[in-house]
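Colleague: Pasting query05.csv below, which is CSV, C-alpha atoms.
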```
chain,number,residue,atom,x,y,z
A,1,MET,CA,-37.0,52.2,37.3
A,2,VAL,CA,-33.2,52.7,37.6
A,3,THR,CA,-32.6,51.8,41.3
A,4,GLY,CA,-36.1,50.7,42.5
A,5,GLN,CA,-36.0,53.5,45.2
A,6,VAL,CA,-39.2,55.5,45.8
A,7,GLN,CA,-39.0,59.3,45.8
A,8,GLU,CA,-41.6,60.2,48.4
A,9,SER,CA,-44.1,63.1,48.4
A,10,GLN,CA,-43.4,64.7,45.0
A,11,ASN,CA,-45.4,67.1,42.9
A,12,ILE,CA,-45.0,66.3,39.2
A,13,LEU,CA,-45.6,69.3,37.0
A,14,ILE,CA,-46.5,68.6,33.3
A,15,ASN,CA,-46.6,71.2,30.6
A,16,GLY,CA,-47.9,70.0,27.2
A,17,ASN,CA,-46.5,66.4,26.9
A,18,ARG,CA,-43.4,67.0,29.0
A,19,ILE,CA,-42.5,66.7,32.7
A,20,VAL,CA,-41.1,70.1,33.6
A,21,SER,CA,-40.4,69.7,37.3
A,22,MET,CA,-40.5,67.4,40.3
A,23,GLN,CA,-40.7,69.1,43.7
A,24,SER,CA,-41.4,68.4,47.3
A,25,GLU,CA,-45.2,68.4,48.0
A,26,GLU,CA,-44.6,71.3,50.3
A,27,ILE,CA,-43.9,73.5,47.3
A,28,SER,CA,-47.0,74.5,45.3
A,29,PRO,CA,-46.4,73.8,41.6
A,30,GLY,CA,-48.9,76.5,40.5
A,31,ALA,CA,-50.6,74.3,38.0
A,32,GLU,CA,-53.7,75.2,36.2
A,33,HIS,CA,-55.2,71.7,36.7
A,34,ASN,CA,-54.4,69.4,39.7
A,35,PHE,CA,-54.9,65.7,40.3
A,36,ASP,CA,-54.5,64.5,43.9
A,37,ALA,CA,-52.4,61.3,43.7
A,38,THR,CA,-51.7,61.1,47.5
A,39,GLY,CA,-50.8,57.6,48.5
A,40,ARG,CA,-50.3,56.5,44.9
A,41,PHE,CA,-47.1,55.2,43.2
A,42,VAL,CA,-46.1,56.6,39.8
A,43,MET,CA,-44.1,54.7,37.3
A,44,PRO,CA,-43.3,55.2,33.6
A,45,GLY,CA,-45.8,53.9,31.0
A,46,LEU,CA,-45.2,50.3,30.0
A,47,ALA,CA,-44.0,49.3,26.6
A,48,ASP,CA,-45.0,46.0,24.9
A,49,MET,CA,-42.3,45.2,22.4
A,50,HIS,CA,-44.2,42.5,20.4
A,51,VAL,CA,-47.7,43.2,19.1
A,52,HIS,CA,-49.5,42.8,15.8
A,53,LEU,CA,-52.2,45.5,15.6
A,54,TYR,CA,-53.4,44.9,12.1
A,55,PHE,CA,-52.4,41.3,11.3
A,56,THR,CA,-54.8,41.3,8.3
A,57,ASN,CA,-55.2,43.0,4.9
A,58,ASP,CA,-59.0,43.1,5.3
A,59,PRO,CA,-60.1,46.7,6.2
A,60,ALA,CA,-63.3,45.4,7.6
A,61,ASN,CA,-61.3,44.0,10.5
A,62,PHE,CA,-59.3,47.2,11.3
A,63,ALA,CA,-62.1,48.7,13.5
A,64,THR,CA,-61.6,45.9,16.1
A,65,THR,CA,-58.0,47.2,16.7
A,66,ASP,CA,-59.2,50.8,16.8
A,67,ASN,CA,-62.1,50.2,19.2
A,68,SER,CA,-60.9,47.3,21.3
A,69,VAL,CA,-57.1,46.6,21.2
A,70,LEU,CA,-55.8,50.2,21.5
A,71,PRO,CA,-58.1,51.4,24.4
A,72,ALA,CA,-57.6,48.1,26.3
A,73,LEU,CA,-53.8,48.6,26.1
A,74,LEU,CA,-54.0,52.1,27.4
A,75,ALA,CA,-56.3,51.1,30.2
A,76,ASN,CA,-53.6,48.6,31.3
A,77,GLY,CA,-50.9,51.3,31.4
A,78,VAL,CA,-49.3,50.2,28.1
A,79,THR,CA,-48.4,53.6,26.5
A,80,THR,CA,-46.0,52.3,23.8
A,81,VAL,CA,-46.0,49.3,21.6
A,82,GLN,CA,-43.7,47.9,18.9
A,83,ASP,CA,-45.7,46.4,16.1
A,84,LEU,CA,-43.7,43.5,14.6
A,85,GLY,CA,-45.9,42.8,11.6
A,86,SER,CA,-49.0,44.5,10.4
A,87,ASN,CA,-50.7,45.9,7.3
A,88,CYS,CA,-48.3,48.9,6.7
A,89,ASP,CA,-50.9,51.3,5.5
A,90,ALA,CA,-53.2,50.6,8.4
A,91,VAL,CA,-50.6,51.0,11.1
A,92,LYS,CA,-49.1,54.1,9.6
A,93,ASP,CA,-52.6,55.7,9.3
A,94,THR,CA,-53.2,54.9,13.0
A,95,VAL,CA,-49.9,56.5,14.0
A,96,GLN,CA,-51.0,59.6,12.2
A,97,ARG,CA,-54.5,59.6,13.7
A,98,ILE,CA,-53.1,59.2,17.2
A,99,GLY,CA,-50.6,62.0,16.6
A,100,HIS,CA,-53.5,64.3,15.5
A,101,ASN,CA,-55.6,63.3,18.5
A,102,GLU,CA,-58.2,61.7,16.2
A,103,LEU,CA,-57.8,58.3,17.9
A,104,LEU,CA,-56.8,57.3,21.4
A,105,GLY,CA,-53.9,54.8,21.6
A,106,PRO,CA,-50.3,54.2,22.6
A,107,ARG,CA,-47.3,55.4,20.8
A,108,ILE,CA,-46.6,52.9,18.0
A,109,PHE,CA,-43.2,51.8,16.5
A,110,THR,CA,-43.6,49.4,13.6
A,111,THR,CA,-41.7,47.1,11.3
A,112,CYS,CA,-44.7,47.2,8.8
A,113,GLU,CA,-45.0,43.8,7.1
A,114,MET,CA,-42.6,41.1,8.3
A,115,LEU,CA,-40.4,39.0,5.9
A,116,ASP,CA,-41.3,35.4,5.4
A,117,GLY,CA,-40.9,32.6,2.8
A,118,GLU,CA,-42.9,32.1,-0.4
A,119,GLU,CA,-45.3,29.6,1.2
A,120,SER,CA,-46.1,31.8,4.2
A,121,GLN,CA,-49.6,31.3,5.8
A,122,PHE,CA,-49.8,34.9,7.0
A,123,GLU,CA,-51.4,37.9,5.2
A,124,THR,CA,-49.2,40.8,6.3
A,125,VAL,CA,-45.9,39.5,5.1
A,126,LYS,CA,-43.5,40.1,2.3
A,127,ARG,CA,-43.1,36.7,0.6
A,128,LEU,CA,-39.5,36.1,-0.5
A,129,ARG,CA,-38.5,33.3,-2.9
A,130,ASP,CA,-34.7,33.7,-2.6
A,131,PRO,CA,-32.1,35.4,-0.3
A,132,GLU,CA,-31.2,37.9,-3.1
A,133,ALA,CA,-34.7,39.5,-2.7
A,134,VAL,CA,-34.2,40.3,1.0
A,135,GLU,CA,-32.0,43.3,0.6
A,136,ASN,CA,-34.4,44.9,-1.8
A,137,GLU,CA,-37.4,44.4,0.5
A,138,VAL,CA,-35.4,45.7,3.5
A,139,GLN,CA,-34.5,48.9,1.6
A,140,LYS,CA,-38.2,49.4,0.7
A,141,LEU,CA,-39.2,49.0,4.4
A,142,MET,CA,-36.5,51.4,5.5
A,143,ALA,CA,-37.8,53.9,3.1
A,144,GLN,CA,-41.2,53.7,4.8
A,145,GLY,CA,-39.7,54.7,8.1
A,146,VAL,CA,-39.7,51.4,10.0
A,147,ASN,CA,-37.6,51.2,13.1
A,148,ARG,CA,-36.5,47.6,12.6
A,149,ILE,CA,-37.2,44.5,10.5
A,150,LYS,CA,-39.2,41.5,11.7
A,151,LEU,CA,-38.5,37.9,10.6
A,152,TRP,CA,-41.0,35.1,11.4
A,153,LEU,CA,-40.6,33.4,15.5
A,154,SER,CA,-42.6,31.1,17.5
A,155,ALA,CA,-42.9,30.9,21.3
A,156,ASN,CA,-45.2,29.5,24.0
A,157,TRP,CA,-44.3,29.9,27.6
A,158,SER,CA,-43.2,26.8,29.5
A,159,GLN,CA,-41.0,26.1,32.4
A,160,SER,CA,-38.1,25.5,30.1
A,161,ARG,CA,-38.6,28.8,28.3
A,162,LEU,CA,-38.8,30.6,31.7
A,163,SER,CA,-35.5,29.0,32.6
A,164,LEU,CA,-34.0,30.1,29.3
A,165,ALA,CA,-35.2,33.7,29.9
A,166,ASP,CA,-33.6,33.7,33.4
A,167,ASN,CA,-30.4,32.2,32.1
A,168,LEU,CA,-30.2,35.0,29.5
A,169,ARG,CA,-30.8,37.6,32.2
A,170,LYS,CA,-28.0,36.1,34.3
A,171,ALA,CA,-25.7,36.2,31.3
A,172,GLY,CA,-26.3,39.9,31.0
A,173,ALA,CA,-28.9,40.1,28.3
A,174,ARG,CA,-31.1,43.2,28.4
A,175,MET,CA,-34.5,41.6,28.3
A,176,ARG,CA,-37.6,43.3,26.8
A,177,ALA,CA,-41.2,42.4,27.4
A,178,GLY,CA,-43.3,41.4,24.4
A,179,THR,CA,-46.5,39.4,24.3
A,180,ASN,CA,-47.5,38.9,20.6
A,181,LEU,CA,-50.9,40.2,21.4
A,182,PRO,CA,-53.7,39.8,20.3
A,183,GLN,CA,-52.7,36.9,18.0
A,184,GLY,CA,-53.1,33.9,20.4
A,185,ARG,CA,-55.2,32.4,23.1
A,186,GLY,CA,-54.9,34.4,26.2
A,187,LEU,CA,-52.9,37.1,24.5
A,188,CYS,CA,-55.5,39.7,25.5
A,189,PRO,CA,-54.7,43.4,25.4
A,190,ASN,CA,-56.6,43.6,28.7
A,191,GLY,CA,-53.8,42.1,30.8
A,192,ALA,CA,-51.3,40.1,28.7
A,193,THR,CA,-48.4,42.6,29.3
A,194,HIS,CA,-49.0,42.3,33.0
A,195,THR,CA,-48.9,38.5,32.7
A,196,GLU,CA,-45.6,38.7,30.9
A,197,LEU,CA,-44.0,40.7,33.7
A,198,LYS,CA,-45.4,38.3,36.3
A,199,LEU,CA,-44.0,35.3,34.4
A,200,MET,CA,-40.6,37.0,34.4
A,201,VAL,CA,-40.7,37.2,38.2
A,202,LYS,CA,-41.8,33.5,38.3
A,203,ALA,CA,-38.8,32.8,36.2
A,204,GLY,CA,-36.4,34.4,38.7
A,205,PHE,CA,-36.3,38.1,37.8
A,206,THR,CA,-36.8,40.6,40.6
A,207,PRO,CA,-39.9,42.8,40.2
A,208,LEU,CA,-37.6,45.7,39.3
A,209,GLN,CA,-35.8,43.7,36.6
A,210,ALA,CA,-39.2,42.6,35.1
A,211,LEU,CA,-40.4,46.2,35.1
A,212,GLN,CA,-37.2,47.4,33.5
A,213,SER,CA,-37.9,45.0,30.6
A,214,ALA,CA,-41.1,47.1,29.8
A,215,THR,CA,-39.6,50.5,30.6
A,216,THR,CA,-35.9,51.4,30.6
A,217,ASN,CA,-34.7,48.4,28.5
A,218,ALA,CA,-37.6,48.7,26.1
A,219,TYR,CA,-37.3,52.4,25.5
A,220,GLU,CA,-33.5,52.3,25.1
A,221,SER,CA,-33.9,49.6,22.4
A,222,LEU,CA,-36.2,52.0,20.6
A,223,ASP,CA,-33.5,54.7,20.9
A,224,MET,CA,-36.0,56.6,23.1
A,225,GLY,CA,-34.3,56.3,26.4
A,226,SER,CA,-33.6,60.0,26.5
A,227,GLN,CA,-37.3,60.7,26.1
A,228,LEU,CA,-39.2,57.9,27.9
A,229,GLY,CA,-38.7,55.1,30.5
A,230,THR,CA,-38.1,57.1,33.6
A,231,ILE,CA,-39.9,59.9,35.4
A,232,GLU,CA,-37.8,63.0,35.5
A,233,PRO,CA,-37.8,66.6,34.2
A,234,GLY,CA,-37.5,66.8,30.4
A,235,LYS,CA,-39.0,63.4,29.7
A,236,MET,CA,-42.3,62.8,27.9
A,237,ALA,CA,-45.2,62.5,30.3
A,238,ASP,CA,-46.2,58.8,29.9
A,239,MET,CA,-47.0,57.5,33.3
A,240,VAL,CA,-49.0,54.9,35.3
A,241,LEU,CA,-50.5,55.6,38.7
A,242,LEU,CA,-50.8,52.6,40.9
A,243,ARG,CA,-52.3,52.0,44.4
A,244,GLY,CA,-49.4,49.8,45.4
A,245,ASP,CA,-45.6,49.6,44.8
A,246,PRO,CA,-44.8,47.2,41.9
A,247,VAL,CA,-41.2,47.0,42.9
A,248,GLU,CA,-42.3,45.5,46.2
A,249,ASP,CA,-44.8,43.2,44.6
A,250,ILE,CA,-45.2,42.7,40.9
A,251,ASN,CA,-48.9,42.0,41.3
A,252,ASN,CA,-49.4,45.7,42.2
A,253,ILE,CA,-49.1,46.3,38.4
A,254,ASP,CA,-52.8,45.5,38.4
A,255,THR,CA,-53.8,48.3,40.8
A,256,ILE,CA,-54.0,51.0,38.2
A,257,ALA,CA,-55.6,54.3,39.4
A,258,GLY,CA,-54.8,56.4,36.3
A,259,VAL,CA,-52.7,56.6,33.1
A,260,VAL,CA,-51.0,59.6,31.6
A,261,VAL,CA,-50.2,59.4,27.9
A,262,ASN,CA,-48.5,62.2,26.0
A,263,GLY,CA,-49.3,64.5,28.9
A,264,THR,CA,-53.0,63.7,29.1
A,265,LEU,CA,-54.4,62.1,32.3
A,266,HIS,CA,-57.1,59.4,32.2
A,267,GLY,CA,-58.5,58.7,35.6
A,268,LYS,CA,-59.9,55.4,36.8
A,269,GLU,CA,-63.4,56.2,35.7
A,270,ALA,CA,-62.2,57.0,32.2
A,271,LEU,CA,-60.1,53.8,32.1
A,272,ASP,CA,-63.0,51.7,33.2
A,273,LYS,CA,-65.1,53.2,30.4
A,274,MET,CA,-62.4,52.4,27.9
A,275,LEU,CA,-62.4,48.8,28.9
A,276,SER,CA,-66.2,48.6,28.9
A,277,ASP,CA,-66.4,50.1,25.4
A,278,ALA,CA,-63.6,47.8,24.2
A,279,ASP,CA,-65.7,44.7,25.1
A,280,VAL,CA,-62.6,42.6,24.4
A,281,VAL,CA,-64.3,39.3,25.4
A,282,ASN,CA,-66.8,39.6,22.6
A,283,ASN,CA,-64.7,41.5,20.1
A,284,LEU,CA,-61.5,39.5,20.6
A,285,PRO,CA,-62.9,36.1,21.6
A,286,PHE,CA,-59.9,33.9,20.8
A,287,ALA,CA,-57.5,36.1,22.7
A,288,CYS,CA,-59.8,37.2,25.5
A,289,GLY,CA,-62.7,34.8,25.7
A,290,GLY,CA,-63.1,31.2,26.9
A,291,LYS,CA,-61.2,28.1,25.8
A,292,ASN,CA,-63.9,27.2,23.3
A,293,ALA,CA,-63.5,30.4,21.3
A,294,VAL,CA,-62.8,29.7,17.6
A,295,LYS,CA,-59.3,30.4,16.4
A,296,PRO,CA,-59.1,33.2,13.8
A,297,ARG,CA,-58.4,32.3,10.2
A,298,VAL,CA,-54.9,33.8,10.4
A,299,GLY,CA,-53.0,34.0,13.7
A,300,CYS,CA,-49.4,34.7,14.4
A,301,CYS,CA,-46.4,33.4,15.9
A,302,SER,CA,-47.7,31.6,19.0
A,303,VAL,CA,-50.7,29.8,17.5
```
Show how you would write the structure in this file as structure tokens.
Modeller:
Amino acid sequence: MVTGQVQESQNILINGNRIVSMQSEEISPGAEHNFDATGRFVMPGLADMHVHLYFTNDPANFATTDNSVLPALLANGVTTVQDLGSNCDAVKDTVQRIGHNELLGPRIFTTCEMLDGEESQFETVKRLRDPEAVENEVQKLMAQGVNRIKLWLSANWSQSRLSLADNLRKAGARMRAGTNLPQGRGLCPNGATHTELKLMVKAGFTPLQALQSATTNAYESLDMGSQLGTIEPGKMADMVLLRGDPVEDINNIDTIAGVVVNGTLHGKEALDKMLSDADVVNNLPFACGGKNAVKPRVGCCSV
């Protein structure tokens, strides 16, 4: 993800959730468990920097995220997300459950509730009447351990927006991939992050630059660049195995053969089961179903 060059024929040895060595395939790593990835390409796990996992205050709806959104993200190689506005208790509880291996999901960084005006239509917001209230709410959010603060944005992709993104890239901006999933039509956890990267290439990015927006750039913005975003000894073992080289053709991002998250490998059969059980078309019809699917009562920024 730094140069776009492929290191051929490597054994990657993982201990716990860390990469401990990378060696020529001629050297036996002496591992307890082995996975033959001959002919595959390995890249860092993807990060989606704009999601809303629990964009509701109704606990009856939380299970949809647990059972559909989180596994679909993992099955698509998204091993980290930045939640930019959710029910704070729900998302913090999920971070704990994932950390305790009680729930399968990506790493989560969160802003908790986002800040909005008094007349906000959204549920998971802090409604502020005047500017003087902002600092107090920011201090409260910081005390809860959020990694940044979210203010309310809206965006839909168009040719003009693609041109803007490419102009920002040319000007030296460090772009980050973020979809707003699953709060809009087509923003399905089963593929929206991949679509974002393909749109970047359509805009004029090279495949490597698009991939960096969901790896090196993303993790550096989370102050996690020393831990994630490249595949090298000492880094956390979050990886995606592909059947084709995505630097050569961004569409190869769809050829997932396995996902490693926090040192645990999930092969293609396990990933297929995740997607089958997630049943996103029926459980997330507006984001993942047909054009006639009814819009949810409360959506977010792109609807």
Colleague: One number please: atom CA of His50 of chain A to atom CA of Arg176 of chain A, in Å, one decimal.
Modeller: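 Spanning atom CA of His50 of chain A to atom CA of Arg176 of chain A is a straight-line distance of 9.2 Å.
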Colleague: With distances taken over all atoms listed in the file, which residue among A:Val51, A:Leu84, A:Arg18, A:Leu74 lies nearest Gly267 of chain A?
Modeller: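 Looking at the shortest contact to Gly267 of chain A, the residue is A:Leu74.
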Colleague: Please provide the set of residues having any atom within 12 Å of Asp245 of chain A, restricted to all atoms listed in the file, with same-chain residues fewer than 2 positions apart removed, written as a PyMOL selection string.
Modeller: chain A and resi 1+4-8+39-43+207-208+211+240-243+247-256
Colleague: Just the number, please: distance in Å from atom CA of Val201 of chain A to atom CA of Arg169 of chain A, one decimal.
Modeller: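 A separation of 11.6 Å between them.
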Colleague: Excluding Leu265 of chain A and residues on its chain fewer than 5 positions from it, collect all residues at most 9 Å away from it, counting all atoms listed in the file, and give them as a count of residues only.
Modeller: 5
Colleague: What is the distance between atom CA of Gly77 of chain A and atom CA of Leu271 of chain A, in Å to one decimal?
Modeller: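 If I compute the distance from atom CA of Gly77 of chain A to atom CA of Leu271 of chain A, I get 9.6 Å.
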Colleague: Check the smallest atom-to-atom distance from each of A:Thr264, A:Ser21, A:Thr111, A:Ser163 to Ala203 of chain A using all atoms listed in the file, then report the winner.
Modeller: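 Among the listed residues, A:Ser163 lies closest to Ala203 of chain A.
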Colleague: Between A:Arg129, A:His33, A:His266, A:Lys92, which residue has the minimum interatomic distance to Tyr54 of chain A, considering only C-alpha atoms?
Modeller: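 Checking each of A:Arg129, A:His33, A:His266, A:Lys92 against Tyr54 of chain A, counting only C-alpha atoms, the winner is A:Lys92.
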Colleague: I'd like to know which of A:Gln227, A:Asn262, A:Asn76, A:Ser276 is closest to Ala192 of chain A, using all atoms listed in the file.
Modeller: A:Asn76
Colleague: Can you tell me, as a PyMOL selection string, what residues are no more than 8 Å from Val69 of chain A when counting only C-alpha atoms, ignoring any on the same chain fewer than 2 positions away?
Modeller: chain A and resi 53+64-67+71-73+182+189+278+280
Colleague: I'd like to know which of A:Leu187, A:Met175, A:Leu228, A:Leu222 is closest to Thr110 of chain A, using all atoms listed in the file.
Modeller: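 With all atoms listed in the file as the atom set, the closest residue is A:Leu222.
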Colleague: Counting all atoms listed in the file, which residues come within 7 Å of (-44.7, 52.8, 18.5), with the point read in the file's coordinates, and could you list them as an MDAnalysis selection string?
Modeller: chainID A and resid 80:83 107:110
Colleague: Looking at all atoms listed in the file, which of A:Ala270, A:Ala257, A:Ala237, A:Ala165 is the one that sits closest to Ser213 of chain A?
Modeller: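 Of A:Ala270, A:Ala257, A:Ala237, A:Ala165, the one nearest Ser213 of chain A, counting all atoms listed in the file, is A:Ala165.
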Colleague: Applying 12 Å and all atoms listed in the file, which residues near Thr56 of chain A remain after dropping the ones on its own chain fewer than 4 positions away? List them as a list in words.
Modeller: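 Listing them by chain and then by number gives His52, Ala60, Asn61, Phe62, Ala63, Thr64, Thr65, Gly85, Ser86, Asn87, Cys88, Asp89, Ala90, Val91, Cys112, Glu113, Gln121, Phe122, Glu123, Thr124, Val125, Gln183, Pro296, Arg297, Val298, Gly299 and Cys300 of chain A.
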Colleague: Write out as a list in words the residues lying within 9 Å of Ala218 of chain A, counting only C-alpha atoms and excluding same-chain residues fewer than 4 positions away.
Modeller: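 Here the qualifying residues turn out to be Leu46, Ala47, Asp48, Met49, Arg174, Met175, Arg176, Ala177, Gln212, Ser213, Ala214, Leu222, Asp223, Met224, Gly225 and Gly229 of chain A.
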Colleague: Please put the answer as JSON: centre and edge lengths, in Å with one decimal, of a box along x, y and z that encloses all listed atoms of segment 273-278 of chain A plus 6 Å on each side.
Modeller:
```
{"center_x": -64.4, "center_y": 50.5, "center_z": 27.3, "size_x": 16.0, "size_y": 17.4, "size_z": 18.2}
```
